[in-house]
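Pasted below: data_29.cif, mmCIF, C-alpha atoms.
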data_entry
#
loop_
_atom_site.label_atom_id
_atom_site.label_comp_id
_atom_site.auth_asym_id
_atom_site.auth_seq_id
_atom_site.Cartn_x
_atom_site.Cartn_y
_atom_site.Cartn_z
CA MET J 1 0.00 0.00 0.00
CA PRO J 2 1.79 3.19 -1.10
CA TYR J 3 -0.27 5.78 0.82
CA ARG J 4 -0.82 5.48 4.57
CA ALA J 5 -1.64 9.16 5.24
CA GLU J 6 -4.45 10.32 2.94
CA VAL J 7 -6.40 13.48 2.30
CA ILE J 8 -9.95 13.35 0.96
CA GLY J 9 -9.91 16.27 -1.45
CA SER J 10 -11.18 19.73 -0.63
CA LEU J 11 -9.46 22.23 1.65
CA LEU J 12 -10.59 25.52 3.13
CA ARG J 13 -10.51 28.25 0.51
CA PRO J 14 -8.46 31.27 1.55
CA ASP J 15 -10.22 34.59 1.94
CA TYR J 16 -8.29 36.14 -0.96
CA LEU J 17 -9.70 33.47 -3.29
CA LYS J 18 -13.26 33.97 -2.06
CA GLU J 19 -12.97 37.71 -2.57
CA ALA J 20 -11.48 37.25 -6.04
CA ARG J 21 -14.34 34.98 -7.12
CA LYS J 22 -16.88 37.58 -6.00
CA ARG J 23 -15.10 40.22 -8.08
CA TRP J 24 -14.80 37.90 -11.08
CA GLU J 25 -18.48 36.95 -10.95
CA ALA J 26 -19.36 40.66 -10.66
CA GLY J 27 -17.29 41.43 -13.75
CA THR J 28 -14.75 43.62 -11.98
CA LEU J 29 -11.88 41.11 -12.27
CA THR J 30 -10.73 39.63 -15.57
CA THR J 31 -10.67 35.88 -16.09
CA ALA J 32 -6.90 35.97 -16.63
CA ALA J 33 -6.37 37.76 -13.32
CA PHE J 34 -8.76 35.44 -11.51
CA LYS J 35 -6.96 32.38 -12.86
CA ARG J 36 -3.67 33.67 -11.49
CA ILE J 37 -5.29 33.99 -8.06
CA GLU J 38 -6.66 30.45 -8.37
CA ASP J 39 -3.14 29.30 -9.23
CA ARG J 40 -1.81 30.98 -6.09
CA ALA J 41 -4.43 29.22 -3.97
CA VAL J 42 -3.54 25.83 -5.47
CA ASP J 43 0.17 26.49 -4.80
CA ASP J 44 -0.65 27.34 -1.19
CA MET J 45 -2.77 24.21 -0.68
CA ILE J 46 -0.20 21.87 -2.18
CA ALA J 47 2.49 23.44 0.00
CA LEU J 48 0.25 23.01 3.05
CA GLN J 49 -0.27 19.30 2.45
CA GLU J 50 3.38 18.64 1.68
CA ARG J 51 4.66 20.36 4.81
CA CYS J 52 2.09 18.42 6.88
CA GLY J 53 3.60 15.18 5.57
CA VAL J 54 0.63 13.41 3.98
CA ASP J 55 1.54 10.82 1.37
CA VAL J 56 -0.70 12.02 -1.46
CA VAL J 57 -2.00 15.51 -2.26
CA THR J 58 -4.80 17.18 -4.18
CA ASP J 59 -5.15 20.72 -5.51
CA GLY J 60 -7.57 21.35 -2.64
CA GLU J 61 -10.43 21.77 -5.16
CA MET J 62 -9.61 25.48 -5.24
CA ARG J 63 -11.12 25.88 -8.71
CA ARG J 64 -14.48 24.43 -7.69
CA THR J 65 -17.52 26.03 -6.08
CA HIS J 66 -18.55 22.63 -4.66
CA PHE J 67 -17.08 19.14 -4.77
CA ILE J 68 -19.68 18.19 -7.41
CA ALA J 69 -18.64 21.07 -9.71
CA PRO J 70 -17.34 18.80 -12.54
CA LEU J 71 -20.95 17.63 -12.89
CA THR J 72 -22.70 20.97 -12.43
CA ASP J 73 -20.49 24.00 -13.16
CA VAL J 74 -19.23 22.82 -16.56
CA ILE J 75 -22.26 21.09 -18.07
CA THR J 76 -25.45 22.24 -19.74
CA GLY J 77 -28.94 21.21 -18.69
CA VAL J 78 -28.76 22.31 -15.04
CA ARG J 79 -30.68 25.39 -13.95
CA ALA J 80 -30.73 27.41 -10.75
CA ILE J 81 -34.14 26.38 -9.40
CA PRO J 82 -34.96 26.08 -5.68
CA ALA J 83 -36.41 22.63 -6.29
CA PHE J 84 -36.55 21.32 -2.71
CA THR J 85 -34.92 21.53 0.70
CA ARG J 86 -32.95 18.97 2.67
CA ARG J 87 -32.57 18.64 6.43
CA TRP J 88 -28.98 18.78 7.71
CA ARG J 89 -27.79 18.22 11.28
CA LYS J 90 -24.86 19.35 13.40
CA PRO J 91 -22.66 16.60 14.88
CA HIS J 92 -23.97 15.60 18.31
CA ALA J 93 -23.90 12.81 20.87
CA PRO J 94 -25.93 9.71 19.95
CA ASP J 95 -28.40 10.32 22.77
CA GLU J 96 -29.05 13.94 21.75
CA GLN J 97 -31.29 15.41 19.08
CA GLY J 98 -28.76 17.88 17.72
CA GLU J 99 -29.25 21.17 15.90
CA GLU J 100 -31.03 20.90 12.54
CA VAL J 101 -31.29 23.27 9.58
CA GLU J 102 -33.14 23.16 6.26
CA ILE J 103 -30.77 23.92 3.37
CA GLN J 104 -32.20 24.84 -0.02
CA VAL J 105 -31.16 22.71 -3.00
CA GLN J 106 -30.53 25.41 -5.58
CA TYR J 107 -30.22 23.44 -8.81
CA ALA J 108 -32.25 20.99 -10.87
CA VAL J 109 -31.69 19.21 -14.16
CA VAL J 110 -34.13 20.57 -16.75
CA GLU J 111 -32.59 19.40 -20.06
CA LYS J 112 -30.30 16.67 -21.33
CA ILE J 113 -26.89 17.25 -19.82
CA GLN J 114 -23.77 17.79 -21.92
CA ARG J 115 -20.23 18.61 -20.89
CA ILE J 116 -18.92 22.04 -21.89
CA ARG J 117 -15.32 21.55 -20.83
CA SER J 118 -13.16 19.56 -18.45
CA LEU J 119 -12.60 21.19 -15.09
CA THR J 120 -10.44 18.37 -13.74
CA ALA J 121 -8.04 18.44 -16.69
CA GLU J 122 -7.19 22.04 -15.79
CA GLU J 123 -6.86 21.06 -12.14
CA PHE J 124 -4.51 18.14 -12.80
CA ALA J 125 -2.39 19.73 -15.51
CA TYR J 126 -1.57 22.70 -13.30
CA ALA J 127 -1.10 20.77 -10.04
CA ARG J 128 1.08 18.15 -11.76
CA GLY J 129 3.71 20.82 -12.31
CA ARG J 130 3.60 22.00 -8.68
CA ALA J 131 3.31 18.86 -6.54
CA THR J 132 6.39 16.94 -5.45
CA ARG J 133 4.30 14.14 -3.92
CA PRO J 134 1.82 11.82 -5.66
CA LEU J 135 -1.23 13.69 -6.90
CA LYS J 136 -4.86 12.59 -6.68
CA VAL J 137 -7.88 13.98 -8.52
CA THR J 138 -11.41 13.70 -7.15
CA LEU J 139 -14.49 13.22 -9.32
CA PRO J 140 -18.11 13.23 -8.14
CA SER J 141 -20.18 10.09 -8.38
CA PRO J 142 -22.70 10.29 -11.23
CA LEU J 143 -25.29 9.01 -8.75
CA MET J 144 -24.99 12.38 -7.01
CA MET J 145 -27.26 13.64 -9.79
CA ALA J 146 -30.01 12.00 -7.77
CA LEU J 147 -29.85 15.21 -5.75
CA ARG J 148 -30.33 17.25 -8.94
CA TRP J 149 -33.20 15.17 -10.37
CA SER J 150 -36.57 16.72 -9.55
CA PRO J 151 -39.86 14.92 -10.24
CA GLN J 152 -41.30 18.34 -11.05
CA PHE J 153 -38.59 19.82 -13.26
CA SER J 154 -36.55 16.91 -14.64
CA ARG J 155 -39.06 14.38 -16.00
CA ALA J 156 -39.37 16.01 -19.41
CA ALA J 157 -35.66 15.49 -20.06
CA TYR J 158 -35.24 12.29 -18.03
CA PRO J 159 -38.46 10.35 -17.36
CA ASP J 160 -36.30 7.74 -15.63
CA PRO J 161 -33.62 9.23 -13.32
CA PHE J 162 -31.32 6.34 -14.19
CA GLN J 163 -31.09 7.74 -17.71
CA LEU J 164 -29.64 10.88 -16.11
CA PHE J 165 -27.21 8.80 -14.05
CA ALA J 166 -26.06 7.01 -17.21
CA ASP J 167 -25.41 10.31 -19.01
CA ALA J 168 -23.55 11.62 -15.96
CA ALA J 169 -21.51 8.42 -15.79
CA ALA J 170 -20.47 8.89 -19.42
CA ILE J 171 -19.24 12.39 -18.57
CA VAL J 172 -17.31 11.21 -15.51
CA ARG J 173 -15.76 8.34 -17.46
CA GLN J 174 -14.66 10.76 -20.19
CA GLU J 175 -13.06 12.92 -17.49
CA ALA J 176 -11.22 9.88 -16.13
CA GLN J 177 -10.00 8.85 -19.57
CA GLU J 178 -8.68 12.34 -20.31
CA LEU J 179 -7.00 12.53 -16.92
CA ALA J 180 -5.27 9.22 -17.65
CA MET J 181 -3.97 10.63 -20.94
CA LEU J 182 -2.52 13.57 -18.98
CA GLY J 183 -0.67 11.18 -16.68
CA CYS J 184 -3.05 10.94 -13.73
CA GLU J 185 -2.63 7.63 -11.90
CA TYR J 186 -5.00 8.04 -8.96
CA ILE J 187 -8.66 9.07 -9.13
CA GLN J 188 -11.12 9.16 -6.24
CA ILE J 189 -14.88 8.99 -6.82
CA ASP J 190 -16.81 10.85 -4.12
CA ALA J 191 -20.11 9.11 -3.37
CA PRO J 192 -21.92 10.58 -0.34
CA GLU J 193 -25.20 9.32 -1.77
CA LEU J 194 -24.07 5.81 -0.82
CA GLY J 195 -23.60 6.93 2.77
CA MET J 196 -27.09 8.46 2.70
CA LEU J 197 -28.43 5.03 1.71
CA CYS J 198 -27.20 3.75 5.10
CA ASP J 199 -29.90 5.87 6.74
CA PRO J 200 -33.49 4.51 6.53
CA ASP J 201 -34.96 8.02 6.68
CA ARG J 202 -32.73 9.28 3.88
CA ARG J 203 -33.43 6.19 1.75
CA ARG J 204 -37.10 7.06 1.92
CA GLN J 205 -37.11 10.88 1.88
CA ASP J 206 -34.31 11.54 -0.62
CA PHE J 207 -34.68 8.55 -2.91
CA ALA J 208 -37.81 6.39 -2.65
CA ASP J 209 -40.20 9.32 -2.15
CA HIS J 210 -38.62 11.05 -5.17
CA GLY J 211 -39.12 8.11 -7.50
CA MET J 212 -35.69 6.49 -7.17
CA ASP J 213 -35.52 2.88 -6.03
CA PRO J 214 -32.74 2.57 -3.39
CA ASP J 215 -32.16 -1.07 -4.26
CA ARG J 216 -31.69 -0.15 -7.90
CA LEU J 217 -29.11 2.45 -6.86
CA LEU J 218 -27.19 -0.33 -5.13
CA SER J 219 -27.30 -2.63 -8.14
CA GLU J 220 -27.56 -0.74 -11.44
CA GLY J 221 -26.06 2.33 -9.80
CA ILE J 222 -22.98 0.49 -8.52
CA ASP J 223 -22.53 -1.05 -11.97
CA LEU J 224 -22.38 2.48 -13.42
CA LEU J 225 -19.70 3.40 -10.88
CA ASN J 226 -17.79 0.21 -11.61
CA ALA J 227 -17.78 0.95 -15.34
CA ILE J 228 -16.19 4.35 -14.70
CA ALA J 229 -13.35 2.78 -12.72
CA ASP J 230 -12.08 0.80 -15.68
CA VAL J 231 -9.44 3.08 -17.19
CA PRO J 232 -6.05 1.43 -17.78
CA GLY J 233 -3.18 2.80 -15.74
CA VAL J 234 -5.37 4.45 -13.10
CA ARG J 235 -5.97 3.34 -9.51
CA PHE J 236 -9.54 4.14 -8.46
CA ALA J 237 -10.77 4.81 -4.94
CA LEU J 238 -14.34 5.19 -3.69
CA HIS J 239 -15.04 7.66 -0.89
CA VAL J 240 -18.23 7.20 1.15
CA CYS J 241 -19.47 9.70 3.75
CA ARG J 242 -22.79 10.96 5.10
CA GLY J 243 -22.77 14.50 3.79
CA ASN J 244 -20.61 17.51 4.56
CA ASN J 245 -22.02 21.03 4.33
CA LYS J 246 -20.56 23.84 6.47
CA GLY J 247 -20.07 21.42 9.36
CA TYR J 248 -23.46 19.73 9.04
CA TYR J 249 -24.19 16.16 7.96
CA VAL J 250 -27.25 14.59 6.35
CA GLY J 251 -27.17 10.85 7.06
CA GLU J 252 -26.71 8.45 9.96
CA GLY J 253 -26.23 4.71 10.21
CA GLY J 254 -23.62 2.00 9.82
CA TYR J 255 -22.50 0.48 6.52
CA GLU J 256 -24.50 -2.74 6.93
CA PRO J 257 -27.34 -1.79 4.51
CA ILE J 258 -24.91 -1.17 1.64
CA ALA J 259 -21.80 -3.20 2.50
CA ALA J 260 -22.38 -6.34 0.44
CA GLN J 261 -23.56 -4.49 -2.66
CA VAL J 262 -20.96 -1.71 -2.61
CA PHE J 263 -17.86 -3.49 -1.38
CA ARG J 264 -18.38 -6.64 -3.44
CA ARG J 265 -20.00 -5.18 -6.56
CA ALA J 266 -17.62 -2.23 -7.05
CA ARG J 267 -14.87 -4.60 -8.15
CA ASN J 268 -12.83 -2.09 -10.16
CA PHE J 269 -12.11 0.06 -7.11
CA SER J 270 -8.93 -0.95 -5.33
CA ARG J 271 -9.34 1.42 -2.40
CA PHE J 272 -12.27 2.41 -0.16
CA LEU J 273 -12.09 5.63 1.85
CA LEU J 274 -14.73 5.31 4.57
CA GLU J 275 -16.03 7.88 7.03
CA TYR J 276 -15.61 6.63 10.61
CA ASP J 277 -15.17 9.74 12.77
CA ASP J 278 -18.02 9.14 15.20
CA TRP J 279 -21.07 7.03 16.10
CA ARG J 280 -22.92 8.01 12.89
CA SER J 281 -20.89 5.49 10.89
CA GLY J 282 -21.56 2.50 13.11
CA SER J 283 -19.12 -0.31 13.83
CA PHE J 284 -16.18 -1.66 11.87
CA ALA J 285 -17.90 -5.04 11.42
CA PRO J 286 -19.00 -4.32 7.80
CA LEU J 287 -15.31 -4.19 6.83
CA ARG J 288 -15.56 -7.98 6.77
CA GLU J 289 -17.48 -7.61 3.48
CA ILE J 290 -14.52 -5.97 1.72
CA PRO J 291 -12.43 -8.36 -0.40
CA THR J 292 -8.95 -8.74 1.05
CA ASP J 293 -7.27 -7.63 -2.19
CA LYS J 294 -8.55 -4.08 -1.49
CA ASP J 295 -7.20 -1.27 0.69
CA VAL J 296 -9.30 0.55 3.30
CA VAL J 297 -8.65 4.13 4.41
CA LEU J 298 -10.22 4.87 7.78
CA GLY J 299 -11.66 8.39 7.99
CA LEU J 300 -11.18 8.71 11.75
CA ILE J 301 -10.28 12.41 12.06
CA SER J 302 -13.17 14.84 11.77
CA THR J 303 -13.17 17.88 9.50
CA LYS J 304 -16.41 19.09 11.12
CA THR J 305 -15.13 19.92 14.61
CA THR J 306 -12.32 22.02 16.01
CA GLU J 307 -11.31 19.48 18.65
CA LEU J 308 -8.00 17.80 17.89
CA GLU J 309 -8.27 14.04 18.29
CA SER J 310 -6.01 12.15 20.70
CA PRO J 311 -3.37 10.06 18.90
CA GLU J 312 -3.88 7.29 21.46
CA PHE J 313 -7.61 7.19 20.74
CA ILE J 314 -7.08 7.08 16.95
CA ILE J 315 -4.47 4.34 17.25
CA ALA J 316 -6.88 2.32 19.39
CA ARG J 317 -9.56 2.76 16.72
CA ILE J 318 -7.16 1.53 14.04
CA GLU J 319 -6.42 -1.54 16.15
CA GLU J 320 -10.14 -2.14 16.60
CA ALA J 321 -10.69 -1.94 12.82
CA SER J 322 -7.88 -4.45 12.27
CA ARG J 323 -10.02 -7.10 13.98
CA TYR J 324 -12.23 -7.00 10.87
CA PHE J 325 -9.79 -6.18 8.05
CA PRO J 326 -6.04 -6.80 7.68
CA ARG J 327 -4.03 -4.09 9.44
CA GLU J 328 -1.42 -3.98 6.69
CA GLN J 329 -4.11 -2.99 4.19
CA LEU J 330 -5.44 -0.11 6.28
CA ALA J 331 -4.56 3.59 6.10
CA LEU J 332 -5.71 6.82 7.75
CA SER J 333 -7.43 10.01 6.57
CA THR J 334 -9.78 12.72 7.64
CA GLN J 335 -13.43 11.70 7.46
CA CYS J 336 -14.24 14.10 4.60
CA GLY J 337 -12.96 17.25 2.94
CA PHE J 338 -12.59 20.56 4.75
CA GLY J 339 -14.21 22.61 1.97
CA THR J 340 -16.82 20.40 0.32
CA VAL J 341 -18.89 23.53 -0.32
CA TRP J 342 -17.50 26.96 -1.17
CA GLU J 343 -17.94 28.33 2.36
CA GLY J 344 -16.07 25.43 3.92
CA ASN J 345 -16.48 23.89 7.35
CA PRO J 346 -16.51 26.22 10.40
CA ILE J 347 -12.96 25.57 11.55
CA PRO J 348 -9.88 27.81 11.36
CA ALA J 349 -7.10 27.16 8.85
CA SER J 350 -4.78 26.47 11.81
CA VAL J 351 -6.98 23.53 12.89
CA GLN J 352 -7.08 22.22 9.32
CA GLU J 353 -3.27 22.19 9.29
CA ALA J 354 -3.09 20.55 12.72
CA LYS J 355 -5.47 17.79 11.63
CA LEU J 356 -3.51 17.10 8.43
CA ARG J 357 -0.33 16.89 10.50
CA LEU J 358 -2.10 14.52 12.88
CA VAL J 359 -3.10 12.22 10.01
CA ALA J 360 0.52 12.03 8.84
CA GLN J 361 1.97 11.67 12.34
CA ILE J 362 -0.32 8.82 13.37
CA ALA J 363 -0.19 6.98 10.05
CA HIS J 364 3.59 7.00 9.90
CA GLN J 365 3.81 5.94 13.54
CA VAL J 366 1.39 3.03 13.10
CA TRP J 367 2.79 1.78 9.80
CA SER J 368 6.46 2.73 10.16
#

Written as structure tokens, how would this file's structure read?
Amino acid sequence: MPYRAEVIGSLLRPDYLKEARKRWEAGTLTTAAFKRIEDRAVDDMIALQERCGVDVVTDGEMRRTHFIAPLTDVITGVRAIPAFTRRWRKPHAPDEQGEEVEIQVQYAVVEKIQRIRSLTAEEFAYARGRATRPLKVTLPSPLMMALRWSPQFSRAAYPDPFQLFADAAAIVRQEAQELAMLGCEYIQIDAPELGMLCDPDRRRQDFADHGMDPDRLLSEGIDLLNAIADVPGVRFALHVCRGNNKGYYVGEGGYEPIAAQVFRRARNFSRFLLEYDDWRSGSFAPLREIPTDKDVVLGLISTKTTELESPEFIIARIEEASRYFPREQLALSTQCGFGTVWEGNPIPASVQEAKLRLVAQIAHQVWS
């Protein structure tokens, strides 16, 4: 296993980048000038990861407005429509209710989708010339378009939402193929919708009640994901979490409801990055379902909270996980990205750096 200390993808966007995007969108900053500021942010994020000592880096997703941007910001057919809301919750103890908030879903698919350009090719080509450590690119799962398919607005273009997922999968696969031609050897598919399927309430409210069969997502949907991860020369990883939006999450529940279908059916993925930072993810027992020729990255360090985890506690959790999956095929990461959405999680940049250092410190201590 080459990478013991992993990042997930997104990092907190610096204030100078946020301000520059506002000016660019307002038309007071040229595209050329904005791109130079994006470049600076990528340089800063790569330098951050490398000085923290993680084994593989990303560009921090500095060029994206949201982790799903390669399937929304650079395609046609998606319109800004407040189609529906979704309930998000703050992390809390298992015996507490926790703070909840309704967040508006701002976009819906209204026409057949088509790619305008590749966002990830720009990301990789630039970062390739800056990184001194192995470089990873993240791509959103095409099944995330389930959260852009509206029974009210999308049926004219896609009577069956799985037609939309197939078109999205073709776009993501094209991205992966082009990245491979540019020399990319490691691609991560981000699939929080799979984590949402661990939660009975989310299965019903976000999928079944909207005309999407959860069981079909775990059969036909996983086959779509598996077909993407079939590009020669590229190692594919699948990241599963339960939502990450400004420190809130959307799903709860262990991996049992999806383990057999995801871990066994997604055969072309050699690496699973799994959220395990608190009680919401359940026990490590479902790791038994993962074939032993795979690697598992344990997302034990939270990007949602400012508290810095105890190394002793994390090491004990790694040892607990090794009762269910071979220790030598485990690795460590944060549970999700720090900046999944443009605003980022409510933690200071200093805590982000401390947590990245903690990932590297613990991983290299455990697997030295």

- Compile the contact shell of Val109 (chain J) as a ChimeraX atom specification: residues with an atom at most 6 Å away, counting all atoms listed in the file, same-chain residues fewer than 6 positions apart removed. /J:77-78,148-149,154

- Item | Proximity to Asp43 (chain J) - best of J:Pro70, J:Gly27, J:Gly129, J:Gly183, only C-alpha atoms |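 Closest residue, counting only C-alpha atoms: J:Gly129.
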
Could you list the residues chosen by the PyMOL selection byres ((chain J and resi 299) around 6) in this structure as a PDB file with C-alpha atoms, in the coordinates of the input?
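Output (result_29.pdb):
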ATOM      1  CA  LEU J 274     -14.730   5.310   4.570  1.00  0.00           C
ATOM      2  CA  GLU J 275     -16.030   7.880   7.030  1.00  0.00           C
ATOM      3  CA  TYR J 276     -15.610   6.630  10.610  1.00  0.00           C
ATOM      4  CA  LEU J 298     -10.220   4.870   7.780  1.00  0.00           C
ATOM      5  CA  LEU J 300     -11.180   8.710  11.750  1.00  0.00           C
ATOM      6  CA  ILE J 301     -10.280  12.410  12.060  1.00  0.00           C
ATOM      7  CA  SER J 333      -7.430  10.010   6.570  1.00  0.00           C
ATOM      8  CA  THR J 334      -9.780  12.720   7.640  1.00  0.00           C
ATOM      9  CA  GLN J 335     -13.430  11.700   7.460  1.00  0.00           C
TER      10      GLN J 335
END

- At what distance in Å, to one decimal, does CA of Cys241 (chain J) lie from CA of Gln152 (chain J)?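 Separating CA of Gln152 (chain J) from CA of Cys241 (chain J) is a distance of 27.8 Å.
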
- Message: Please compute the CA of Ile290 (chain J)-CA of Asn268 (chain J) distance, one decimal, in Å.
- Response: 12.6 Å

- Give the answer as one residue: which of J:Lys304, J:Arg357, J:Lys112, J:Arg128 has the shortest atom-to-atom distance to Ala157 (chain J), using all atoms listed in the file? J:Lys112

- Residues returned when the PyMOL selection byres ((chain J and resi 177) around 10) runs on this file, as a ChimeraX atom specification: /J:171-176,178-182,184,228-234

Test item: residues at most 9 Å from region 346-354 of chain J, all atoms listed in the file, excluding those fewer than 5 positions along its chain, as a PDB file with C-alpha atoms, keeping the file's coordinate frame:
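File part36.pdb, as written:
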ATOM      1  CA  LEU J  11      -9.460  22.230   1.650  1.00  0.00           C
ATOM      2  CA  LEU J  12     -10.590  25.520   3.130  1.00  0.00           C
ATOM      3  CA  PRO J  14      -8.460  31.270   1.550  1.00  0.00           C
ATOM      4  CA  LEU J  48       0.250  23.010   3.050  1.00  0.00           C
ATOM      5  CA  GLN J  49      -0.270  19.300   2.450  1.00  0.00           C
ATOM      6  CA  CYS J  52       2.090  18.420   6.880  1.00  0.00           C
ATOM      7  CA  LYS J 246     -20.560  23.840   6.470  1.00  0.00           C
ATOM      8  CA  GLY J 247     -20.070  21.420   9.360  1.00  0.00           C
ATOM      9  CA  THR J 303     -13.170  17.880   9.500  1.00  0.00           C
ATOM     10  CA  LYS J 304     -16.410  19.090  11.120  1.00  0.00           C
ATOM     11  CA  THR J 305     -15.130  19.920  14.610  1.00  0.00           C
ATOM     12  CA  THR J 306     -12.320  22.020  16.010  1.00  0.00           C
ATOM     13  CA  GLU J 307     -11.310  19.480  18.650  1.00  0.00           C
ATOM     14  CA  LEU J 308      -8.000  17.800  17.890  1.00  0.00           C
ATOM     15  CA  PHE J 338     -12.590  20.560   4.750  1.00  0.00           C
ATOM     16  CA  VAL J 359      -3.100  12.220  10.010  1.00  0.00           C
TER      17      VAL J 359
END

- Restricting to all atoms listed in the file, whichever of J:Arg36, J:His364, J:Arg63, J:Arg51 is closest to Arg13 (chain J) is J:Arg63

- Task: Evaluate the PyMOL selection byres ((chain J and resi 342) around 8) here and jot the selected residues down as a count of residues only.
- Result: 9

- Top pick for closest residue to Asp59 (chain J), considering J:Val137, J:Leu17, J:Leu164, J:Leu71 and counting all atoms listed in the file: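 That would be J:Val137, the residue with the smallest distance to Asp59 (chain J).
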
- Item | Proximity to Pro326 (chain J) - best of J:Ala32, J:Ala360, J:Ala156, J:Leu287, all atoms listed in the file | J:Leu287

List as a PDB file with C-alpha atoms, in the frame of the given file the residues having at least one atom at most 8 Å from position (-11.3, 30.6, -12.6) as given in the file, counting all atoms listed in the file.
ATOM      1  CA  ARG J  21     -14.340  34.980  -7.120  1.00  0.00           C
ATOM      2  CA  THR J  31     -10.670  35.880 -16.090  1.00  0.00           C
ATOM      3  CA  PHE J  34      -8.760  35.440 -11.510  1.00  0.00           C
ATOM      4  CA  LYS J  35      -6.960  32.380 -12.860  1.00  0.00           C
ATOM      5  CA  GLU J  38      -6.660  30.450  -8.370  1.00  0.00           C
ATOM      6  CA  ARG J  63     -11.120  25.880  -8.710  1.00  0.00           C
TER       7      ARG J  63
END

- Of J:Phe263, J:Phe325, J:Tyr186, J:Tyr248, the one sitting nearest Glu102 (chain J) when using only C-alpha atoms is J:Tyr248

- Within 12 Å of Ala127 (chain J) using only C-alpha atoms, minus same-chain residues under 6 positions, as a PyMOL selection string: chain J and resi 38-47+57-63+120-121+133-137+182-184

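Rounded to one decimal, CA of Asp201 (chain J) and CA of Glu100 (chain J) lie 14.7 Å from each other.
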
- Name all residues at most 6 Å from Ile75 (chain J) (count all atoms listed in the file; drop same-chain ones fewer than 2 positions away) and give them as number ranges by chain. J: 72-73, 114-116

- Excluding Ser281 (chain J) and any residue of its chain fewer than 2 positions from it, enumerate the residues within 8 Å of it, using all atoms listed in the file, and give them as a list in words.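 Neighbouring residues, sequence-local ones excluded: Glu252, Gly253, Gly254, Tyr255, Glu275, Tyr276, Asp277, Asp278, Trp279 and Ser283 of chain J.
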
Give me, as CSV, the closest atom pair and its distance (Å, one decimal) for every residue of region 192-241 of chain J within a cut-off of 8 Å of region 141-144 of chain J, counting all atoms listed in the file, rows sorted by chain and rising number.
residue,atom,partner,partner_atom,distance
J:Pro192,CA,J:Met144,CA,7.6
J:Glu193,CA,J:Met144,CA,6.1
J:Leu217,CA,J:Leu143,CA,7.8
J:Gly221,CA,J:Leu143,CA,6.8
J:Leu225,CA,J:Ser141,CA,7.2

Selection from above, C-alpha atoms, as a compact mmCIF listing (two decimals), in the frame of the given file, can you write it?
# COMPACT_ATOMS: atom_id res chain seq x y z
CA PRO J 192 -21.92 10.58 -0.34
CA GLU J 193 -25.20 9.32 -1.77
CA LEU J 217 -29.11 2.45 -6.86
CA GLY J 221 -26.06 2.33 -9.80
CA LEU J 225 -19.70 3.40 -10.88

Report the centre and edge lengths, in Å to one decimal, of an axis-aligned box enclosing every atom of region 185-195 of chain J listed in the file, padded by 5 Å on each side, as AutoDock Vina command-line options.
--center_x -13.9 --center_y 8.3 --center_z -4.6 --size_x 32.6 --size_y 15.0 --size_z 24.7
